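Comments concern the structure below.
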Amino acid sequence: PKALSTCLNLLLDSNRVDLARKLLLHAKRDLTRKPNVCVFNILVKYHCKNGDLDSAFEIVEEMRNSEFSYPNLVTYSTLMDGLCRNGRVKEAFDLFEEMVSRDHIVPDPLTYNVLINGFCRGGKPDRARNVIQFMKSNGCYPNVYNYSALVDGLCKVGKLEDAKGVLAEIKGSGLKPDAVTYTSLINFLCRNGKSDEAIELLEEMKENGCQADSVTFNVLLGGLCREGKFEEALDMVEKLPQQGVYLN
RNA sequence: ACGCGGCU
């Protein structure tokens with residue numbers, strides 16, 4: 001089943017769906033190679049990626065009927081993410097509750113993050129904040145992914161000060177903001193003609209021991225160029241190799 | 001071997 005999962009992922013990633021189907025049919029016939037949870041989860045994810053949630057739910061039904069696998073936390077998180085990416089956050093939350101009550105599965109920070117991102121994509125970071133409150137009340141501690149998602153959600157609706165507040169909250173809770181956290185803020189500044197403030201943040205992240213990566217610089221370079229600061233941009237590009245950063 | 005956050 002391990003080899004099967006790996007092969008399926010490779011085939012689906014390269015869009016060889018026909019071959020993936022054949023492979024799966026063979027595996028189902030072979031008693032020693034029964035598809036396990038991981039294999040099913042890969043299929044669920046594949047259908048979600050195509051926005052075909054009906055098929056994804058069919059796979060889950062198949063899992064429930066199978067002797068060899070049953071929906072687990074990954075299955076639910078994947079499905080919830082598929083729903084959220086299609087704007088169906090309410091249903092994702094219903095599914096979350098079903099997961100807990102019907103299958104007695106305990107959500108982890110990643111599961112909550114799917115909901116946080118669902119709300120943020122919908123331009124409702126306040127709801128996302130409620131999810132963080134909710135997970136805490138369930139004894140689940142938010143990680144940097146959770147907070148970064150919220151920071152980005154706040155930036156996307158222009159609430160820079162609130163986003164900075166969350167940055168402080170991250171530090172206060174003993175977590176370390178990472179390049180993703182900072183890049184969301186830098187991105188907002190760059191898109192609003194504030195590359196100078198963005199560069200201040202870049203300095204701040206360095207002081208906090210956080211290494212900027214290629215996405216951070218991509219964003220910064222875009223901001224500088226948009227403001228016509230081409231010399232500064234070139235200067236920045238020239239200094240990238242010394243920082244071990246290579247643009248893609 | 002399977003699920004979540006930043007640019008495109």
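Here, A, B, ... name the chains of the structure tokens in the order displayed, residue numbers run from 1 inside each chain, and ligands are numbered from 1 in the same displayed order.
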List the spatial neighbours of Val39 of chain A as a list of chain:residue names - criterion: any atom at most 10 Å away, only C-alpha atoms (C1' of nucleotides), same-chain residues fewer than 5 positions off excluded.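 Listed by chain and then number, they are A:Pro1, A:Lys2, A:Ala3, A:Leu4, A:Ser5, A:Thr6, A:Cys7, A:Leu8, A:Asn9, A:Leu24, A:Lys34, A:Val44, A:Ser69, B:A1, B:C2.
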So that I have them on file, write out the residues from the current selection with C-alpha atoms (C1' of nucleotides), as a PDB file, in the first residue's frame.
```pdb
ATOM      1  CA  PRO A   1       0.000   0.000   0.000  1.00  0.00           C
ATOM      2  CA  LYS A   2       2.948   2.332   0.590  1.00  0.00           C
ATOM      3  CA  ALA A   3       4.196   1.836  -2.912  1.00  0.00           C
ATOM      4  CA  LEU A   4       0.667   2.156  -4.192  1.00  0.00           C
ATOM      5  CA  SER A   5       0.193   5.546  -2.496  1.00  0.00           C
ATOM      6  CA  THR A   6       3.453   6.826  -3.883  1.00  0.00           C
ATOM      7  CA  CYS A   7       2.594   5.690  -7.385  1.00  0.00           C
ATOM      8  CA  LEU A   8      -0.911   7.093  -7.212  1.00  0.00           C
ATOM      9  CA  ASN A   9       0.374  10.466  -6.114  1.00  0.00           C
ATOM     10  CA  LEU A  24      -6.164   1.028  -8.383  1.00  0.00           C
ATOM     11  CA  LYS A  34      -5.821  -3.718  -0.358  1.00  0.00           C
ATOM     12  CA  VAL A  44     -10.379  12.142  -1.747  1.00  0.00           C
ATOM     13  CA  SER A  69     -10.135   1.457   6.095  1.00  0.00           C
TER      14      SER A  69
ATOM     15  C1'   A B   1       2.910   6.547   1.590  1.00  0.00           C
ATOM     16  C1'   C B   2      -2.147  10.720   2.712  1.00  0.00           C
TER      17        C B   2
END
```
Give me, as a ChimeraX atom specification, the residues of chain A touching chain B, with the criterion being at most 6 Å (counting only C-alpha atoms (C1' of nucleotides)). /A:2,5-6,38,41-42,74,77-78,110,113-114,145,148-149,180,183-184,215,219
Output all heavy atoms for every residue in the selection just made, as a short mmCIF file (atom, residue, chain, number, x, y, z; two decimals), in the first residue's frame.
```cif
data_model
loop_
_atom_site.label_atom_id
_atom_site.label_comp_id
_atom_site.auth_asym_id
_atom_site.auth_seq_id
_atom_site.Cartn_x
_atom_site.Cartn_y
_atom_site.Cartn_z
N LYS A 2 2.04 1.18 0.59
CA LYS A 2 2.95 2.33 0.59
C LYS A 2 3.36 2.67 -0.83
O LYS A 2 3.29 3.82 -1.26
CB LYS A 2 4.21 2.00 1.40
CG LYS A 2 4.25 2.69 2.73
CD LYS A 2 5.63 2.55 3.33
CE LYS A 2 5.63 3.10 4.74
NZ LYS A 2 6.93 3.07 5.39
N SER A 5 0.45 4.13 -2.76
CA SER A 5 0.19 5.55 -2.50
C SER A 5 1.16 6.42 -3.27
O SER A 5 0.79 7.42 -3.88
CB SER A 5 0.35 5.87 -1.02
OG SER A 5 -0.21 4.88 -0.23
N THR A 6 2.43 6.04 -3.20
CA THR A 6 3.45 6.83 -3.88
C THR A 6 3.17 6.89 -5.38
O THR A 6 3.20 7.96 -5.99
CB THR A 6 4.85 6.20 -3.65
OG1 THR A 6 5.00 5.97 -2.25
CG2 THR A 6 5.94 7.11 -4.15
N CYS A 38 -4.58 5.67 3.58
CA CYS A 38 -3.77 6.64 2.83
C CYS A 38 -4.16 6.67 1.37
O CYS A 38 -4.29 7.74 0.76
CB CYS A 38 -2.29 6.32 2.96
SG CYS A 38 -1.65 6.51 4.61
N ASN A 41 -7.37 8.38 1.00
CA ASN A 41 -7.22 9.81 1.25
C ASN A 41 -6.64 10.54 0.04
O ASN A 41 -7.01 11.69 -0.24
CB ASN A 41 -6.35 10.05 2.48
CG ASN A 41 -7.08 9.73 3.76
OD1 ASN A 41 -8.31 9.65 3.78
ND2 ASN A 41 -6.35 9.54 4.83
N ILE A 42 -5.76 9.87 -0.65
CA ILE A 42 -5.18 10.47 -1.85
C ILE A 42 -6.29 10.69 -2.89
O ILE A 42 -6.34 11.72 -3.56
CB ILE A 42 -4.06 9.57 -2.41
CG1 ILE A 42 -2.85 9.62 -1.47
CG2 ILE A 42 -3.66 10.01 -3.82
CD1 ILE A 42 -1.80 8.57 -1.75
N VAL A 74 -7.23 12.76 8.69
CA VAL A 74 -6.74 13.28 7.41
C VAL A 74 -7.88 13.32 6.39
O VAL A 74 -8.04 14.30 5.66
CB VAL A 74 -5.56 12.42 6.88
CG1 VAL A 74 -5.15 12.86 5.49
CG2 VAL A 74 -4.39 12.48 7.84
N SER A 77 -10.08 16.29 7.28
CA SER A 77 -9.42 17.58 7.02
C SER A 77 -9.37 17.86 5.53
O SER A 77 -9.57 18.99 5.08
CB SER A 77 -8.00 17.58 7.59
OG SER A 77 -8.03 17.27 8.96
N THR A 78 -9.08 16.83 4.77
CA THR A 78 -9.01 16.98 3.32
C THR A 78 -10.35 17.40 2.75
O THR A 78 -10.45 18.33 1.95
CB THR A 78 -8.57 15.65 2.68
OG1 THR A 78 -7.37 15.21 3.30
CG2 THR A 78 -8.34 15.82 1.19
N LEU A 110 -4.14 21.48 12.49
CA LEU A 110 -4.28 21.54 11.04
C LEU A 110 -5.76 21.54 10.65
O LEU A 110 -6.18 22.27 9.75
CB LEU A 110 -3.55 20.34 10.42
CG LEU A 110 -3.29 20.34 8.94
CD1 LEU A 110 -2.07 19.51 8.61
CD2 LEU A 110 -4.50 19.83 8.18
N ASN A 113 -7.09 24.80 11.15
CA ASN A 113 -6.55 25.76 10.20
C ASN A 113 -7.32 25.76 8.88
O ASN A 113 -7.42 26.79 8.22
CB ASN A 113 -5.07 25.47 9.94
CG ASN A 113 -4.31 26.74 9.64
OD1 ASN A 113 -4.63 27.79 10.17
ND2 ASN A 113 -3.33 26.65 8.77
N VAL A 114 -7.85 24.62 8.54
CA VAL A 114 -8.67 24.54 7.33
C VAL A 114 -9.85 25.50 7.46
O VAL A 114 -10.18 26.24 6.52
CB VAL A 114 -9.16 23.09 7.12
CG1 VAL A 114 -10.25 23.04 6.08
CG2 VAL A 114 -7.99 22.19 6.73
N TYR A 145 1.15 28.14 12.00
CA TYR A 145 0.29 28.05 10.81
C TYR A 145 -1.05 28.73 11.06
O TYR A 145 -1.58 29.45 10.22
CB TYR A 145 0.03 26.58 10.44
CG TYR A 145 1.07 25.96 9.56
CD1 TYR A 145 2.40 25.88 9.97
CD2 TYR A 145 0.74 25.44 8.32
CE1 TYR A 145 3.36 25.30 9.16
CE2 TYR A 145 1.69 24.85 7.50
CZ TYR A 145 2.99 24.78 7.93
OH TYR A 145 3.93 24.21 7.13
N SER A 148 -0.50 32.52 11.34
CA SER A 148 -0.11 33.09 10.04
C SER A 148 -1.31 33.20 9.12
O SER A 148 -1.44 34.18 8.38
CB SER A 148 0.97 32.24 9.38
OG SER A 148 2.13 32.24 10.15
N ALA A 149 -2.15 32.21 9.17
CA ALA A 149 -3.35 32.24 8.34
C ALA A 149 -4.21 33.44 8.73
O ALA A 149 -4.74 34.16 7.87
CB ALA A 149 -4.14 30.94 8.49
N VAL A 180 6.71 33.06 6.48
CA VAL A 180 5.36 33.18 5.92
C VAL A 180 4.57 34.26 6.65
O VAL A 180 3.90 35.09 6.02
CB VAL A 180 4.62 31.82 6.01
CG1 VAL A 180 3.18 31.95 5.56
CG2 VAL A 180 5.33 30.76 5.19
N THR A 183 5.91 37.60 5.60
CA THR A 183 5.70 37.89 4.18
C THR A 183 4.28 38.36 3.91
O THR A 183 4.05 39.19 3.03
CB THR A 183 6.07 36.67 3.32
OG1 THR A 183 7.42 36.32 3.58
CG2 THR A 183 5.91 36.97 1.84
N SER A 184 3.32 37.86 4.66
CA SER A 184 1.94 38.34 4.49
C SER A 184 1.86 39.83 4.76
O SER A 184 1.23 40.58 4.02
CB SER A 184 1.00 37.61 5.46
OG SER A 184 0.77 36.30 5.02
N VAL A 215 10.14 33.88 -1.59
CA VAL A 215 8.82 34.52 -1.72
C VAL A 215 8.86 35.92 -1.12
O VAL A 215 8.37 36.89 -1.72
CB VAL A 215 7.72 33.68 -1.04
CG1 VAL A 215 6.38 34.40 -1.10
CG2 VAL A 215 7.61 32.31 -1.69
N VAL A 219 8.14 39.35 -3.33
CA VAL A 219 7.15 40.35 -2.96
C VAL A 219 7.79 41.73 -2.83
O VAL A 219 7.28 42.72 -3.35
CB VAL A 219 6.49 39.94 -1.62
CG1 VAL A 219 5.66 41.06 -1.04
CG2 VAL A 219 5.65 38.68 -1.82
#
```
Give me, as a PDB file with N, CA, C and O atoms, in the first residue's frame, all polymer residues having an atom no more than 12 Å from Arg88 of chain A, counting only C-alpha atoms (C1' of nucleotides) and skipping those fewer than 3 positions away in the same chain.
```pdb
ATOM      1  N   GLY A  51     -12.527  20.073  -7.514  1.00  0.00           N
ATOM      2  CA  GLY A  51     -13.809  20.680  -7.158  1.00  0.00           C
ATOM      3  C   GLY A  51     -14.968  19.705  -7.263  1.00  0.00           C
ATOM      4  O   GLY A  51     -16.129  20.093  -7.215  1.00  0.00           O
ATOM      5  N   LEU A  53     -16.659  17.507  -5.335  1.00  0.00           N
ATOM      6  CA  LEU A  53     -16.859  17.050  -3.959  1.00  0.00           C
ATOM      7  C   LEU A  53     -17.786  15.860  -3.878  1.00  0.00           C
ATOM      8  O   LEU A  53     -17.671  15.035  -2.968  1.00  0.00           O
ATOM      9  N   LEU A  79     -11.400  16.710   3.196  1.00  0.00           N
ATOM     10  CA  LEU A  79     -12.754  17.018   2.735  1.00  0.00           C
ATOM     11  C   LEU A  79     -13.169  18.431   3.131  1.00  0.00           C
ATOM     12  O   LEU A  79     -13.732  19.184   2.339  1.00  0.00           O
ATOM     13  N   MET A  80     -12.889  18.772   4.378  1.00  0.00           N
ATOM     14  CA  MET A  80     -13.237  20.110   4.867  1.00  0.00           C
ATOM     15  C   MET A  80     -12.526  21.175   4.052  1.00  0.00           C
ATOM     16  O   MET A  80     -13.100  22.204   3.701  1.00  0.00           O
ATOM     17  N   ASP A  81     -11.261  20.916   3.738  1.00  0.00           N
ATOM     18  CA  ASP A  81     -10.503  21.871   2.943  1.00  0.00           C
ATOM     19  C   ASP A  81     -11.114  22.003   1.549  1.00  0.00           C
ATOM     20  O   ASP A  81     -11.228  23.105   1.011  1.00  0.00           O
ATOM     21  N   GLY A  82     -11.523  20.885   0.984  1.00  0.00           N
ATOM     22  CA  GLY A  82     -12.164  20.919  -0.329  1.00  0.00           C
ATOM     23  C   GLY A  82     -13.430  21.760  -0.298  1.00  0.00           C
ATOM     24  O   GLY A  82     -13.669  22.578  -1.188  1.00  0.00           O
ATOM     25  N   LEU A  83     -14.223  21.579   0.742  1.00  0.00           N
ATOM     26  CA  LEU A  83     -15.449  22.369   0.879  1.00  0.00           C
ATOM     27  C   LEU A  83     -15.121  23.856   1.017  1.00  0.00           C
ATOM     28  O   LEU A  83     -15.697  24.702   0.345  1.00  0.00           O
ATOM     29  N   CYS A  84     -14.169  24.159   1.887  1.00  0.00           N
ATOM     30  CA  CYS A  84     -13.804  25.565   2.127  1.00  0.00           C
ATOM     31  C   CYS A  84     -13.305  26.241   0.865  1.00  0.00           C
ATOM     32  O   CYS A  84     -13.639  27.391   0.594  1.00  0.00           O
ATOM     33  N   ARG A  85     -12.497  25.536   0.102  1.00  0.00           N
ATOM     34  CA  ARG A  85     -11.954  26.136  -1.126  1.00  0.00           C
ATOM     35  C   ARG A  85     -13.039  26.378  -2.161  1.00  0.00           C
ATOM     36  O   ARG A  85     -12.836  27.072  -3.142  1.00  0.00           O
ATOM     37  N   GLU A  91     -20.665  24.129   5.488  1.00  0.00           N
ATOM     38  CA  GLU A  91     -20.712  22.669   5.404  1.00  0.00           C
ATOM     39  C   GLU A  91     -19.457  22.038   5.991  1.00  0.00           C
ATOM     40  O   GLU A  91     -19.511  20.952   6.574  1.00  0.00           O
ATOM     41  N   ALA A  92     -18.327  22.737   5.818  1.00  0.00           N
ATOM     42  CA  ALA A  92     -17.080  22.225   6.380  1.00  0.00           C
ATOM     43  C   ALA A  92     -17.203  22.162   7.899  1.00  0.00           C
ATOM     44  O   ALA A  92     -16.757  21.207   8.533  1.00  0.00           O
ATOM     45  N   PHE A  93     -17.825  23.185   8.455  1.00  0.00           N
ATOM     46  CA  PHE A  93     -17.985  23.198   9.910  1.00  0.00           C
ATOM     47  C   PHE A  93     -18.951  22.100  10.355  1.00  0.00           C
ATOM     48  O   PHE A  93     -18.727  21.426  11.367  1.00  0.00           O
ATOM     49  N   ASP A  94     -20.011  21.881   9.600  1.00  0.00           N
ATOM     50  CA  ASP A  94     -20.930  20.789   9.914  1.00  0.00           C
ATOM     51  C   ASP A  94     -20.193  19.455   9.908  1.00  0.00           C
ATOM     52  O   ASP A  94     -20.413  18.593  10.768  1.00  0.00           O
ATOM     53  N   LEU A  95     -19.323  19.309   8.908  1.00  0.00           N
ATOM     54  CA  LEU A  95     -18.560  18.073   8.782  1.00  0.00           C
ATOM     55  C   LEU A  95     -17.623  17.899   9.973  1.00  0.00           C
ATOM     56  O   LEU A  95     -17.426  16.787  10.481  1.00  0.00           O
ATOM     57  N   VAL A 114      -7.855  24.617   8.537  1.00  0.00           N
ATOM     58  CA  VAL A 114      -8.673  24.542   7.328  1.00  0.00           C
ATOM     59  C   VAL A 114      -9.851  25.505   7.461  1.00  0.00           C
ATOM     60  O   VAL A 114     -10.178  26.242   6.521  1.00  0.00           O
ATOM     61  N   LEU A 115     -10.462  25.521   8.629  1.00  0.00           N
ATOM     62  CA  LEU A 115     -11.594  26.429   8.864  1.00  0.00           C
ATOM     63  C   LEU A 115     -11.134  27.885   8.909  1.00  0.00           C
ATOM     64  O   LEU A 115     -11.778  28.773   8.344  1.00  0.00           O
ATOM     65  N   ASN A 117      -8.662  29.215   7.416  1.00  0.00           N
ATOM     66  CA  ASN A 117      -8.413  29.666   6.052  1.00  0.00           C
ATOM     67  C   ASN A 117      -9.685  29.815   5.250  1.00  0.00           C
ATOM     68  O   ASN A 117      -9.777  30.689   4.390  1.00  0.00           O
ATOM     69  N   GLY A 118     -10.634  28.975   5.532  1.00  0.00           N
ATOM     70  CA  GLY A 118     -11.914  29.096   4.845  1.00  0.00           C
ATOM     71  C   GLY A 118     -12.530  30.458   5.121  1.00  0.00           C
ATOM     72  O   GLY A 118     -12.964  31.153   4.199  1.00  0.00           O
ATOM     73  N   PHE A 119     -12.527  30.856   6.368  1.00  0.00           N
ATOM     74  CA  PHE A 119     -13.097  32.152   6.733  1.00  0.00           C
ATOM     75  C   PHE A 119     -12.258  33.294   6.171  1.00  0.00           C
ATOM     76  O   PHE A 119     -12.788  34.307   5.714  1.00  0.00           O
ATOM     77  N   ARG A 121     -10.346  33.326   3.472  1.00  0.00           N
ATOM     78  CA  ARG A 121     -10.568  33.432   2.024  1.00  0.00           C
ATOM     79  C   ARG A 121     -11.887  34.129   1.742  1.00  0.00           C
ATOM     80  O   ARG A 121     -12.033  34.826   0.750  1.00  0.00           O
ATOM     81  N   GLY A 122     -12.855  33.937   2.614  1.00  0.00           N
ATOM     82  CA  GLY A 122     -14.150  34.567   2.444  1.00  0.00           C
ATOM     83  C   GLY A 122     -14.175  35.991   2.973  1.00  0.00           C
ATOM     84  O   GLY A 122     -15.234  36.609   3.061  1.00  0.00           O
TER      85      GLY A 122
END
```
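Closest approach to Asn72 of chain A from the set A:Ile105, A:Leu220, A:Val131, A:Leu23 is made by A:Ile105, with distances taken over only C-alpha atoms.
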Could you jot down the atom CA of Glu98 of chain A to atom CA of Met63 of chain A separation for me, Å, one decimal place?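 If I compute the distance from atom CA of Glu98 of chain A to atom CA of Met63 of chain A, I get 15.9 Å.
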Give the helix (DSSP H, G or I) residues of segment 51-239 of chain A, as assigned by DSSP on the backbone, as an mmCIF file with C-alpha atoms, in the first residue's frame.
```cif
data_model
loop_
_atom_site.group_PDB
_atom_site.id
_atom_site.type_symbol
_atom_site.label_atom_id
_atom_site.label_comp_id
_atom_site.auth_asym_id
_atom_site.auth_seq_id
_atom_site.Cartn_x
_atom_site.Cartn_y
_atom_site.Cartn_z
ATOM 1 C CA LEU A 53 -16.859 17.050 -3.959
ATOM 2 C CA ASP A 54 -19.590 14.583 -4.821
ATOM 3 C CA SER A 55 -16.983 12.093 -5.954
ATOM 4 C CA ALA A 56 -14.925 12.852 -2.855
ATOM 5 C CA PHE A 57 -17.903 12.000 -0.644
ATOM 6 C CA GLU A 58 -18.462 8.809 -2.627
ATOM 7 C CA ILE A 59 -14.931 7.719 -1.789
ATOM 8 C CA VAL A 60 -15.651 8.367 1.869
ATOM 9 C CA GLU A 61 -18.743 6.167 1.648
ATOM 10 C CA GLU A 62 -16.599 3.484 0.084
ATOM 11 C CA MET A 63 -14.190 3.807 3.006
ATOM 12 C CA ARG A 64 -16.977 3.332 5.498
ATOM 13 C CA ASN A 65 -18.050 0.182 3.709
ATOM 14 C CA LEU A 73 -8.567 12.827 10.704
ATOM 15 C CA VAL A 74 -6.738 13.282 7.408
ATOM 16 C CA THR A 75 -9.818 12.235 5.452
ATOM 17 C CA TYR A 76 -11.963 14.773 7.245
ATOM 18 C CA SER A 77 -9.420 17.578 7.024
ATOM 19 C CA THR A 78 -9.006 16.983 3.320
ATOM 20 C CA LEU A 79 -12.754 17.018 2.735
ATOM 21 C CA MET A 80 -13.237 20.110 4.867
ATOM 22 C CA ASP A 81 -10.503 21.871 2.943
ATOM 23 C CA GLY A 82 -12.164 20.919 -0.329
ATOM 24 C CA LEU A 83 -15.449 22.369 0.879
ATOM 25 C CA CYS A 84 -13.804 25.565 2.127
ATOM 26 C CA ARG A 85 -11.954 26.136 -1.126
ATOM 27 C CA VAL A 89 -17.315 26.849 4.924
ATOM 28 C CA LYS A 90 -20.619 26.236 6.673
ATOM 29 C CA GLU A 91 -20.712 22.669 5.404
ATOM 30 C CA ALA A 92 -17.080 22.225 6.380
ATOM 31 C CA PHE A 93 -17.985 23.198 9.910
ATOM 32 C CA ASP A 94 -20.930 20.789 9.914
ATOM 33 C CA LEU A 95 -18.560 18.073 8.782
ATOM 34 C CA PHE A 96 -16.194 19.014 11.580
ATOM 35 C CA GLU A 97 -18.972 18.483 14.102
ATOM 36 C CA GLU A 98 -19.931 15.219 12.464
ATOM 37 C CA MET A 99 -16.340 14.042 12.691
ATOM 38 C CA VAL A 100 -16.265 14.687 16.411
ATOM 39 C CA SER A 101 -19.693 13.333 17.282
ATOM 40 C CA ARG A 102 -20.038 10.472 14.825
ATOM 41 C CA ASP A 103 -16.499 9.158 14.585
ATOM 42 C CA PRO A 109 -4.339 22.354 14.732
ATOM 43 C CA LEU A 110 -4.280 21.536 11.041
ATOM 44 C CA THR A 111 -7.974 20.661 11.034
ATOM 45 C CA TYR A 112 -8.793 23.979 12.659
ATOM 46 C CA ASN A 113 -6.550 25.758 10.201
ATOM 47 C CA VAL A 114 -8.673 24.542 7.328
ATOM 48 C CA LEU A 115 -11.594 26.429 8.864
ATOM 49 C CA ILE A 116 -9.472 29.469 9.671
ATOM 50 C CA ASN A 117 -8.413 29.666 6.052
ATOM 51 C CA GLY A 118 -11.914 29.096 4.845
ATOM 52 C CA PHE A 119 -13.097 32.152 6.733
ATOM 53 C CA CYS A 120 -10.067 34.213 5.710
ATOM 54 C CA ARG A 121 -10.568 33.432 2.024
ATOM 55 C CA PRO A 125 -11.010 37.147 9.575
ATOM 56 C CA ASP A 126 -13.211 37.850 12.597
ATOM 57 C CA ARG A 127 -14.711 34.414 12.183
ATOM 58 C CA ALA A 128 -11.213 33.019 11.801
ATOM 59 C CA ARG A 129 -10.293 34.567 15.113
ATOM 60 C CA ASN A 130 -13.296 32.889 16.673
ATOM 61 C CA VAL A 131 -11.983 29.557 15.438
ATOM 62 C CA ILE A 132 -8.717 30.204 17.256
ATOM 63 C CA GLN A 133 -10.680 30.967 20.403
ATOM 64 C CA PHE A 134 -12.706 27.833 19.828
ATOM 65 C CA MET A 135 -9.693 25.566 19.432
ATOM 66 C CA LYS A 136 -8.165 26.946 22.610
ATOM 67 C CA SER A 137 -11.370 26.234 24.478
ATOM 68 C CA VAL A 144 2.339 29.328 13.740
ATOM 69 C CA TYR A 145 0.290 28.051 10.805
ATOM 70 C CA ASN A 146 -2.919 29.045 12.567
ATOM 71 C CA TYR A 147 -1.699 32.507 13.442
ATOM 72 C CA SER A 148 -0.105 33.093 10.043
ATOM 73 C CA ALA A 149 -3.353 32.241 8.338
ATOM 74 C CA LEU A 150 -5.092 34.818 10.516
ATOM 75 C CA VAL A 151 -2.408 37.436 9.864
ATOM 76 C CA ASP A 152 -2.821 36.946 6.132
ATOM 77 C CA GLY A 153 -6.597 37.059 6.387
ATOM 78 C CA LEU A 154 -6.418 40.371 8.233
ATOM 79 C CA CYS A 155 -3.957 41.812 5.703
ATOM 80 C CA LYS A 156 -6.169 40.746 2.836
ATOM 81 C CA LEU A 160 -2.819 45.982 9.063
ATOM 82 C CA GLU A 161 -2.912 47.092 12.678
ATOM 83 C CA ASP A 162 -4.895 44.029 13.727
ATOM 84 C CA ALA A 163 -2.466 41.847 11.810
ATOM 85 C CA LYS A 164 0.443 43.442 13.650
ATOM 86 C CA GLY A 165 -1.416 42.783 16.859
ATOM 87 C CA VAL A 166 -1.538 39.101 16.010
ATOM 88 C CA LEU A 167 2.182 39.180 15.271
ATOM 89 C CA ALA A 168 2.726 40.446 18.800
ATOM 90 C CA GLU A 169 0.344 37.794 20.086
ATOM 91 C CA ILE A 170 2.421 35.080 18.402
ATOM 92 C CA LYS A 171 5.565 36.278 20.119
ATOM 93 C CA GLY A 172 3.716 36.612 23.403
ATOM 94 C CA ALA A 179 8.949 33.875 6.957
ATOM 95 C CA VAL A 180 5.356 33.175 5.922
ATOM 96 C CA THR A 181 3.967 35.268 8.762
ATOM 97 C CA TYR A 182 6.177 38.231 7.915
ATOM 98 C CA THR A 183 5.700 37.895 4.183
ATOM 99 C CA SER A 184 1.941 38.339 4.495
ATOM 100 C CA LEU A 185 2.506 41.672 6.180
ATOM 101 C CA ILE A 186 5.257 42.664 3.767
ATOM 102 C CA ASN A 187 2.985 41.758 0.882
ATOM 103 C CA PHE A 188 0.271 44.055 2.139
ATOM 104 C CA LEU A 189 2.720 46.936 2.535
ATOM 105 C CA CYS A 190 4.203 46.383 -0.901
ATOM 106 C CA ARG A 191 0.812 46.335 -2.566
ATOM 107 C CA SER A 195 7.940 49.458 0.367
ATOM 108 C CA ASP A 196 9.874 51.544 2.881
ATOM 109 C CA GLU A 197 7.817 50.129 5.733
ATOM 110 C CA ALA A 198 8.106 46.694 4.160
ATOM 111 C CA ILE A 199 11.878 46.957 4.315
ATOM 112 C CA GLU A 200 11.666 47.990 7.951
ATOM 113 C CA LEU A 201 9.739 44.797 8.601
ATOM 114 C CA LEU A 202 12.375 42.839 6.696
ATOM 115 C CA GLU A 203 14.957 44.231 9.112
ATOM 116 C CA GLU A 204 12.757 43.379 12.042
ATOM 117 C CA MET A 205 12.362 39.801 10.924
ATOM 118 C CA LYS A 206 16.112 39.442 10.587
ATOM 119 C CA GLU A 207 16.561 40.838 14.098
ATOM 120 C CA SER A 214 12.523 33.703 -2.085
ATOM 121 C CA VAL A 215 8.824 34.521 -1.721
ATOM 122 C CA THR A 216 9.609 37.364 0.671
ATOM 123 C CA PHE A 217 12.061 38.868 -1.797
ATOM 124 C CA ASN A 218 9.765 38.284 -4.736
ATOM 125 C CA VAL A 219 7.150 40.350 -2.955
ATOM 126 C CA LEU A 220 9.630 43.043 -1.961
ATOM 127 C CA LEU A 221 11.086 43.327 -5.445
ATOM 128 C CA GLY A 222 7.613 43.652 -6.882
ATOM 129 C CA GLY A 223 6.849 46.443 -4.444
ATOM 130 C CA LEU A 224 10.069 48.332 -5.177
ATOM 131 C CA CYS A 225 9.584 48.078 -8.934
ATOM 132 C CA ARG A 226 5.981 49.203 -8.726
ATOM 133 C CA PHE A 230 14.753 50.118 -9.614
ATOM 134 C CA GLU A 231 18.192 50.844 -8.178
ATOM 135 C CA GLU A 232 17.109 49.593 -4.767
ATOM 136 C CA ALA A 233 15.610 46.532 -6.395
ATOM 137 C CA LEU A 234 18.799 45.744 -8.278
ATOM 138 C CA ASP A 235 20.778 46.270 -5.121
ATOM 139 C CA MET A 236 18.577 43.776 -3.362
ATOM 140 C CA VAL A 237 18.916 41.199 -6.127
ATOM 141 C CA GLU A 238 22.694 41.454 -6.005
ATOM 142 C CA LYS A 239 22.739 40.744 -2.286
#
```
What is the atom CA of Leu12 of chain A-atom CA of Leu43 of chain A distance in Å, reported with one decimal?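 Value for the atom CA of Leu12 of chain A-atom CA of Leu43 of chain A distance: 9.0 Å.
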